[in-house]
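Step one of this worksheet: look at the structure below.
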Amino acid sequence: MLVLLGIGVVVLGFVVRANPLLVVMAAALTTGLAAAWTPAADLQTMSGAALATIASFGKAFNDNRYVSVVWLVLAAIGLLERAGLQERARMTIARVKAATVGRLIWVYFIIRQSAAAVGLTSLGGHAQMVRPLVAPMAEGAAEAQYGALPDRERFLIRAHSAAADNIALFFGEDIFIAIASILLIKGFLETNGIVVEPFELSIWAIPTALAALLIHSARLWLLDRRLKRTFGARKAP
Amino acid sequence: MITLQHIYVVGGLFFAAVAFLSALDASNRRRLRNGVFWGLLAASFLSGAYLGNFGNGVLALGLVIVATLGLGEGKPVTTTPEQRRKDARRRGDLLFLPALIIPAVALAGTLIAKQTAWGPLLIDPAQATLISLVLGVLIALGAAMMWLKPPLLAPLQEGRRLLDAVGWAAILPQMLASLGAVFLAAGVGEQVGRLFADYIPLDTPTLAVSAYCIGMALFTIIMGNAFAAFPVMTAAVGLPIIVQHFGGDAARVCAIGMLAGFCGTLMTPMAANFNVVPANLLDLPDRKAALNGVIRAQIPTAIPLLIANIVLMRLLAFPA
């Protein structure tokens, strides 16, 4: 039971708003120490357990470096931003008269979800698409429709751009058979003596994908309605 | 053949350049801390294989200490909004092209590595997408450098500008994965499963399905990752109760259960790469709050979708 203290540390860290990196490290050390603790344990055993925990954390940290490789993308995106990528996205969308914030994010949602469903999870993302393209386009659509935006609505539109990327990705990618979560399920079931094909798993991701599409489409429709109500009949100058 | 090791060298050199330029940035009061932080990450990428497990652990501890002291934000010289508008007008929609090179190469490289006979000679098929993604970045950078002719250091300085905007959150996913490994070794999963099975009423299929889906979402909220919640909750409730006791179909239960966990991912700041990184990248004023704008935009979709998953599992997982 003592090893559950590590989860307690995560929750506590949350509550006191400590730096999450510190929380993670503290939780790992707590768990390692709790696993080694017995009423008879002396200082030497416990300090040995702390060192062993740091070593096993270090091994996992090194094995998982690939998770942080994606930041290389920022060099290319930053370079294009320097040359006016975000501004260009705003201009392009402002020319499309039918574009509203909700419709524009909805189109991105459809593209992102269908691309993820066929395994193209890298066709999108916050650094690659949302910051340089989707959010500026959505803001541009609102500006074309209603004129200058107050901060409150500007940040609401940006948050919705990021949210659409996440939701479309999460509830699209499992339809593809070779995605990590599908392989994790397959591996887990196999160790428990149940053999399934990835296809049998991915097909059952489709009902939830459709539910996500329906629910989020309704939310984006509501977003458009909310913006319309906020700005009333105000027109772009 | 290009393997992950080559990619680590590229990443390490990038982080090393960011560290060096950070340390020289006089506009940042905390420039030394930024230099040490990105420098440690560079060391991990370049020499992690030679540091040994304990050495890597101390390195991670160093990253945590510097991040807890607090990083600053560098202000590299860049173009003004006025210049950018002028450039955008002059270059036209062609500006989108280099940005689209990255996913296009990522896709093409993955397909070539996995589907052709000669692909594996070029790209390690086991890590095809990641390697191709980095190749895409390098090709896009090359194209943009030749076309836009910015100063030579511009990609590094602009990359540093964005990387500083992301800040310490850049390594939280990697840290959480490492915490997962420590939890696994200590048997945390089994303990949570036992607690859950002991204290939650699971007498009917509907109750069991609800407990499994809500448990997946809650545990994902705590851990920031549905992959950590899945083995715990499925071993505790999914397999023994829903599948073995009530006769549910294992594939359907697991597929929908994982997606119930994803609903939790939408609601937690622990899922930093999905919920905190975009708030930083988009300069949201509430990016440091537990429930920032991105998470608040997601909750009204996540909760109905969690209910939808419970209903779907109840309806679909018990074929007559």
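Chain labels follow the order of the structure tokens: the first chain is A, the next B, and so on; residue numbering restarts at 1 in every chain, and ligands are counted from 1 in their shown order.
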
If you count only C-alpha atoms, which residues fall within 8 Å of region 210-212 of chain B, apart from same-chain ones fewer than 6 positions away, as an NGL selection string? :B and (200 or 202 or 233-234 or 237-238 or 257 or 310)

Please, which residues in chain A fall within 6 Å of chain B when counting only C-alpha atoms, and what is the closest atom pair and distance in Å to one decimal for each, ordered by chain then residue number, as JSON lines?
```
{"residue": "A:Val3", "atom": "CA", "partner": "B:Val188", "partner_atom": "CA", "distance": 5.9}
{"residue": "A:Leu21", "atom": "CA", "partner": "B:Val64", "partner_atom": "CA", "distance": 5.7}
{"residue": "A:Leu22", "atom": "CA", "partner": "B:Val64", "partner_atom": "CA", "distance": 5.7}
{"residue": "A:Ala28", "atom": "CA", "partner": "B:Leu179", "partner_atom": "CA", "distance": 5.7}
{"residue": "A:Ala35", "atom": "CA", "partner": "B:Ala186", "partner_atom": "CA", "distance": 5.8}
{"residue": "A:Ile54", "atom": "CA", "partner": "B:Gly57", "partner_atom": "CA", "distance": 4.9}
{"residue": "A:Ala55", "atom": "CA", "partner": "B:Phe54", "partner_atom": "CA", "distance": 4.0}
{"residue": "A:Phe57", "atom": "CA", "partner": "B:Ser178", "partner_atom": "CA", "distance": 5.6}
{"residue": "A:Gly58", "atom": "CA", "partner": "B:Gly57", "partner_atom": "CA", "distance": 3.5}
{"residue": "A:Lys59", "atom": "CA", "partner": "B:Asn53", "partner_atom": "CA", "distance": 4.7}
{"residue": "A:Ala60", "atom": "CA", "partner": "B:Ser178", "partner_atom": "CA", "distance": 4.8}
{"residue": "A:Phe61", "atom": "CA", "partner": "B:Ser178", "partner_atom": "CA", "distance": 5.3}
{"residue": "A:Asn64", "atom": "CA", "partner": "B:Gln174", "partner_atom": "CA", "distance": 5.9}
{"residue": "A:Val67", "atom": "CA", "partner": "B:Gln174", "partner_atom": "CA", "distance": 5.9}
{"residue": "A:Val73", "atom": "CA", "partner": "B:Val137", "partner_atom": "CA", "distance": 5.9}
{"residue": "A:Leu74", "atom": "CA", "partner": "B:Gly159", "partner_atom": "CA", "distance": 4.9}
{"residue": "A:Ala75", "atom": "CA", "partner": "B:Gly159", "partner_atom": "CA", "distance": 3.9}
{"residue": "A:Ala76", "atom": "CA", "partner": "B:Leu141", "partner_atom": "CA", "distance": 5.4}
{"residue": "A:Gly78", "atom": "CA", "partner": "B:Glu158", "partner_atom": "CA", "distance": 4.7}
{"residue": "A:Leu79", "atom": "CA", "partner": "B:Pro155", "partner_atom": "CA", "distance": 5.2}
{"residue": "A:Arg82", "atom": "CA", "partner": "B:Thr79", "partner_atom": "CA", "distance": 5.9}
{"residue": "A:Ala83", "atom": "CA", "partner": "B:Arg84", "partner_atom": "CA", "distance": 5.7}
{"residue": "A:Gly84", "atom": "CA", "partner": "B:Arg84", "partner_atom": "CA", "distance": 4.3}
{"residue": "A:Glu87", "atom": "CA", "partner": "B:Arg85", "partner_atom": "CA", "distance": 5.8}
{"residue": "A:Arg88", "atom": "CA", "partner": "B:Ala88", "partner_atom": "CA", "distance": 4.9}
{"residue": "A:Ser122", "atom": "CA", "partner": "B:Pro103", "partner_atom": "CA", "distance": 5.9}
{"residue": "A:Leu123", "atom": "CA", "partner": "B:Pro103", "partner_atom": "CA", "distance": 5.1}
{"residue": "A:His126", "atom": "CA", "partner": "B:Pro278", "partner_atom": "CA", "distance": 5.6}
{"residue": "A:Ala159", "atom": "CA", "partner": "B:Val294", "partner_atom": "CA", "distance": 4.5}
{"residue": "A:His160", "atom": "CA", "partner": "B:Ala297", "partner_atom": "CA", "distance": 5.8}
{"residue": "A:Ala163", "atom": "CA", "partner": "B:Gln298", "partner_atom": "CA", "distance": 5.7}
{"residue": "A:Leu201", "atom": "CA", "partner": "B:Ala251", "partner_atom": "CA", "distance": 5.4}
{"residue": "A:Trp204", "atom": "CA", "partner": "B:Arg252", "partner_atom": "CA", "distance": 5.8}
```

To one decimal place in Å, what is the distance between CA of Leu152 (chain B) and CA of Ala42 (chain B)? 20.8 Å

Non-local contacts of Pro125 (chain B) (7 Å; only C-alpha atoms; under 4 positions in same chain excluded) as a PDB file with N, CA and C atoms, in the first residue's frame:
```pdb
ATOM      1  N   ALA B 113      10.034   3.690 -45.809  1.00  0.00           N
ATOM      2  CA  ALA B 113      10.756   2.797 -44.902  1.00  0.00           C
ATOM      3  C   ALA B 113       9.996   1.501 -44.660  1.00  0.00           C
ATOM      4  N   LYS B 114       8.653   1.591 -44.660  1.00  0.00           N
ATOM      5  CA  LYS B 114       7.883   0.404 -44.293  1.00  0.00           C
ATOM      6  C   LYS B 114       7.404  -0.394 -45.491  1.00  0.00           C
ATOM      7  N   PRO B 120      14.317   0.465 -45.991  1.00  0.00           N
ATOM      8  CA  PRO B 120      15.039   0.198 -44.741  1.00  0.00           C
ATOM      9  C   PRO B 120      16.545   0.441 -44.843  1.00  0.00           C
TER      10      PRO B 120
END
```

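Atom pair CA of Glu143 (chain A) / CA of Leu214 (chain A) has a distance of 26.9 Å (rounded to one decimal).
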
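Each of A:Leu85, A:Ala142, A:Ala50, A:Ile203 was compared to Gly102 (chain A) using only C-alpha atoms, and A:Ala142 turns out to be the nearest.
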
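Computed from the coordinates, the CA of Met216 (chain B) to CA of Gly264 (chain B) distance equals 7.4 Å.
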
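Nearest residue to Ala271 (chain B), choosing from B:Ile242, B:Ala228, B:Ile101, B:Ala208 and counting only C-alpha atoms: B:Ala228.
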
From a backbone DSSP assignment, name each residue in region 60-230 of chain A labelled alpha helix (DSSP H), as an MDAnalysis selection string. chainID A and resid 60:63 73:82 85:94 101:117 135:146 151:173 180:191 198:202 206:230

Can you spit out the residues from that selection as an mmCIF file, in the first residue's frame, using C-alpha atoms?
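See part04.cif below for the written result:
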```cif
data_model
loop_
_atom_site.group_PDB
_atom_site.id
_atom_site.type_symbol
_atom_site.label_atom_id
_atom_site.label_comp_id
_atom_site.auth_asym_id
_atom_site.auth_seq_id
_atom_site.Cartn_x
_atom_site.Cartn_y
_atom_site.Cartn_z
ATOM 1 C CA ALA A 60 13.904 5.629 -18.373
ATOM 2 C CA PHE A 61 14.689 9.306 -19.039
ATOM 3 C CA ASN A 62 17.441 8.286 -21.450
ATOM 4 C CA ASP A 63 15.270 5.645 -23.137
ATOM 5 C CA VAL A 73 10.276 21.527 -35.615
ATOM 6 C CA LEU A 74 10.378 24.882 -33.837
ATOM 7 C CA ALA A 75 13.484 25.948 -35.798
ATOM 8 C CA ALA A 76 11.648 25.611 -39.115
ATOM 9 C CA ILE A 77 8.379 27.093 -37.872
ATOM 10 C CA GLY A 78 10.173 30.022 -36.210
ATOM 11 C CA LEU A 79 12.069 30.774 -39.391
ATOM 12 C CA LEU A 80 8.840 30.896 -41.411
ATOM 13 C CA GLU A 81 7.135 33.033 -38.762
ATOM 14 C CA ARG A 82 9.999 35.468 -39.122
ATOM 15 C CA LEU A 85 3.734 32.980 -42.025
ATOM 16 C CA GLN A 86 1.132 33.896 -39.394
ATOM 17 C CA GLU A 87 0.338 37.198 -41.104
ATOM 18 C CA ARG A 88 -0.061 35.408 -44.423
ATOM 19 C CA ALA A 89 -2.484 32.887 -42.875
ATOM 20 C CA ARG A 90 -4.595 35.779 -41.581
ATOM 21 C CA MET A 91 -4.636 37.479 -44.990
ATOM 22 C CA THR A 92 -5.537 34.300 -46.855
ATOM 23 C CA ILE A 93 -8.483 33.514 -44.640
ATOM 24 C CA ALA A 94 -9.751 37.085 -44.537
ATOM 25 C CA VAL A 101 -14.425 31.026 -36.639
ATOM 26 C CA GLY A 102 -16.523 27.939 -35.974
ATOM 27 C CA ARG A 103 -16.637 26.782 -39.576
ATOM 28 C CA LEU A 104 -12.911 27.305 -40.059
ATOM 29 C CA ILE A 105 -11.964 25.338 -36.937
ATOM 30 C CA TRP A 106 -14.515 22.701 -37.954
ATOM 31 C CA VAL A 107 -12.847 22.241 -41.355
ATOM 32 C CA TYR A 108 -9.480 21.850 -39.593
ATOM 33 C CA PHE A 109 -11.071 19.365 -37.169
ATOM 34 C CA ILE A 110 -12.347 17.204 -40.064
ATOM 35 C CA ILE A 111 -8.971 17.273 -41.842
ATOM 36 C CA ARG A 112 -7.069 16.508 -38.625
ATOM 37 C CA GLN A 113 -9.383 13.662 -37.576
ATOM 38 C CA SER A 114 -9.473 11.985 -41.006
ATOM 39 C CA ALA A 115 -5.711 12.356 -41.434
ATOM 40 C CA ALA A 116 -5.118 10.795 -38.003
ATOM 41 C CA ALA A 117 -7.511 7.962 -38.863
ATOM 42 C CA ALA A 135 -5.157 30.131 -34.658
ATOM 43 C CA PRO A 136 -4.167 33.111 -36.858
ATOM 44 C CA MET A 137 -6.645 31.994 -39.515
ATOM 45 C CA ALA A 138 -9.442 31.695 -36.955
ATOM 46 C CA GLU A 139 -8.589 35.115 -35.529
ATOM 47 C CA GLY A 140 -8.466 36.476 -39.080
ATOM 48 C CA ALA A 141 -11.924 35.092 -39.780
ATOM 49 C CA ALA A 142 -13.310 36.789 -36.669
ATOM 50 C CA GLU A 143 -11.598 40.079 -37.530
ATOM 51 C CA ALA A 144 -12.954 39.982 -41.084
ATOM 52 C CA GLN A 145 -16.432 39.447 -39.708
ATOM 53 C CA TYR A 146 -16.492 41.658 -36.639
ATOM 54 C CA ASP A 151 -8.560 40.077 -25.678
ATOM 55 C CA ARG A 152 -11.221 37.867 -24.119
ATOM 56 C CA GLU A 153 -12.558 36.667 -27.465
ATOM 57 C CA ARG A 154 -9.103 36.529 -29.061
ATOM 58 C CA PHE A 155 -7.854 34.111 -26.396
ATOM 59 C CA LEU A 156 -11.084 32.122 -26.506
ATOM 60 C CA ILE A 157 -10.609 31.598 -30.251
ATOM 61 C CA ARG A 158 -6.974 30.585 -29.769
ATOM 62 C CA ALA A 159 -7.911 28.087 -27.033
ATOM 63 C CA HIS A 160 -10.568 26.585 -29.303
ATOM 64 C CA SER A 161 -8.024 26.196 -32.113
ATOM 65 C CA ALA A 162 -5.762 24.143 -29.825
ATOM 66 C CA ALA A 163 -8.707 22.164 -28.417
ATOM 67 C CA ALA A 164 -9.857 21.128 -31.906
ATOM 68 C CA ASP A 165 -6.363 19.828 -32.708
ATOM 69 C CA ASN A 166 -6.275 17.667 -29.542
ATOM 70 C CA ILE A 167 -9.807 16.273 -29.802
ATOM 71 C CA ALA A 168 -9.543 15.476 -33.515
ATOM 72 C CA LEU A 169 -6.204 13.722 -32.952
ATOM 73 C CA PHE A 170 -7.245 11.669 -29.898
ATOM 74 C CA PHE A 171 -10.479 10.413 -31.422
ATOM 75 C CA GLY A 172 -9.094 9.848 -34.899
ATOM 76 C CA GLU A 173 -5.771 8.115 -34.343
ATOM 77 C CA ALA A 180 0.894 3.274 -30.141
ATOM 78 C CA SER A 181 -2.305 2.954 -28.091
ATOM 79 C CA ILE A 182 -3.651 0.134 -30.271
ATOM 80 C CA LEU A 183 -0.317 -1.693 -30.017
ATOM 81 C CA LEU A 184 -0.329 -1.161 -26.243
ATOM 82 C CA ILE A 185 -3.794 -2.742 -25.950
ATOM 83 C CA LYS A 186 -2.759 -5.659 -28.157
ATOM 84 C CA GLY A 187 0.381 -6.239 -26.087
ATOM 85 C CA PHE A 188 -1.532 -6.007 -22.802
ATOM 86 C CA LEU A 189 -4.190 -8.500 -23.915
ATOM 87 C CA GLU A 190 -1.525 -10.888 -25.194
ATOM 88 C CA THR A 191 0.243 -10.981 -21.835
ATOM 89 C CA PRO A 198 -5.125 -4.620 -34.311
ATOM 90 C CA PHE A 199 -7.963 -4.380 -36.826
ATOM 91 C CA GLU A 200 -10.473 -5.816 -34.306
ATOM 92 C CA LEU A 201 -9.494 -3.035 -31.910
ATOM 93 C CA SER A 202 -9.352 -0.123 -34.305
ATOM 94 C CA ILE A 206 -15.074 4.359 -34.925
ATOM 95 C CA PRO A 207 -18.288 4.797 -32.852
ATOM 96 C CA THR A 208 -16.464 7.049 -30.368
ATOM 97 C CA ALA A 209 -14.830 8.946 -33.249
ATOM 98 C CA LEU A 210 -18.288 9.722 -34.669
ATOM 99 C CA ALA A 211 -19.553 10.743 -31.227
ATOM 100 C CA ALA A 212 -16.577 13.100 -30.848
ATOM 101 C CA LEU A 213 -17.269 14.605 -34.267
ATOM 102 C CA LEU A 214 -20.956 15.176 -33.432
ATOM 103 C CA ILE A 215 -20.321 16.654 -29.995
ATOM 104 C CA HIS A 216 -17.508 18.922 -31.084
ATOM 105 C CA SER A 217 -19.366 20.091 -34.209
ATOM 106 C CA ALA A 218 -22.178 21.219 -31.938
ATOM 107 C CA ARG A 219 -19.679 23.024 -29.697
ATOM 108 C CA LEU A 220 -18.168 24.902 -32.636
ATOM 109 C CA TRP A 221 -21.656 25.883 -33.814
ATOM 110 C CA LEU A 222 -22.290 27.224 -30.305
ATOM 111 C CA LEU A 223 -18.968 29.111 -30.441
ATOM 112 C CA ASP A 224 -20.091 30.907 -33.604
ATOM 113 C CA ARG A 225 -23.406 31.732 -31.971
ATOM 114 C CA ARG A 226 -21.678 33.072 -28.895
ATOM 115 C CA LEU A 227 -19.395 35.330 -30.940
ATOM 116 C CA LYS A 228 -22.354 36.571 -32.945
ATOM 117 C CA ARG A 229 -24.273 37.378 -29.781
ATOM 118 C CA THR A 230 -21.259 39.126 -28.223
#
```
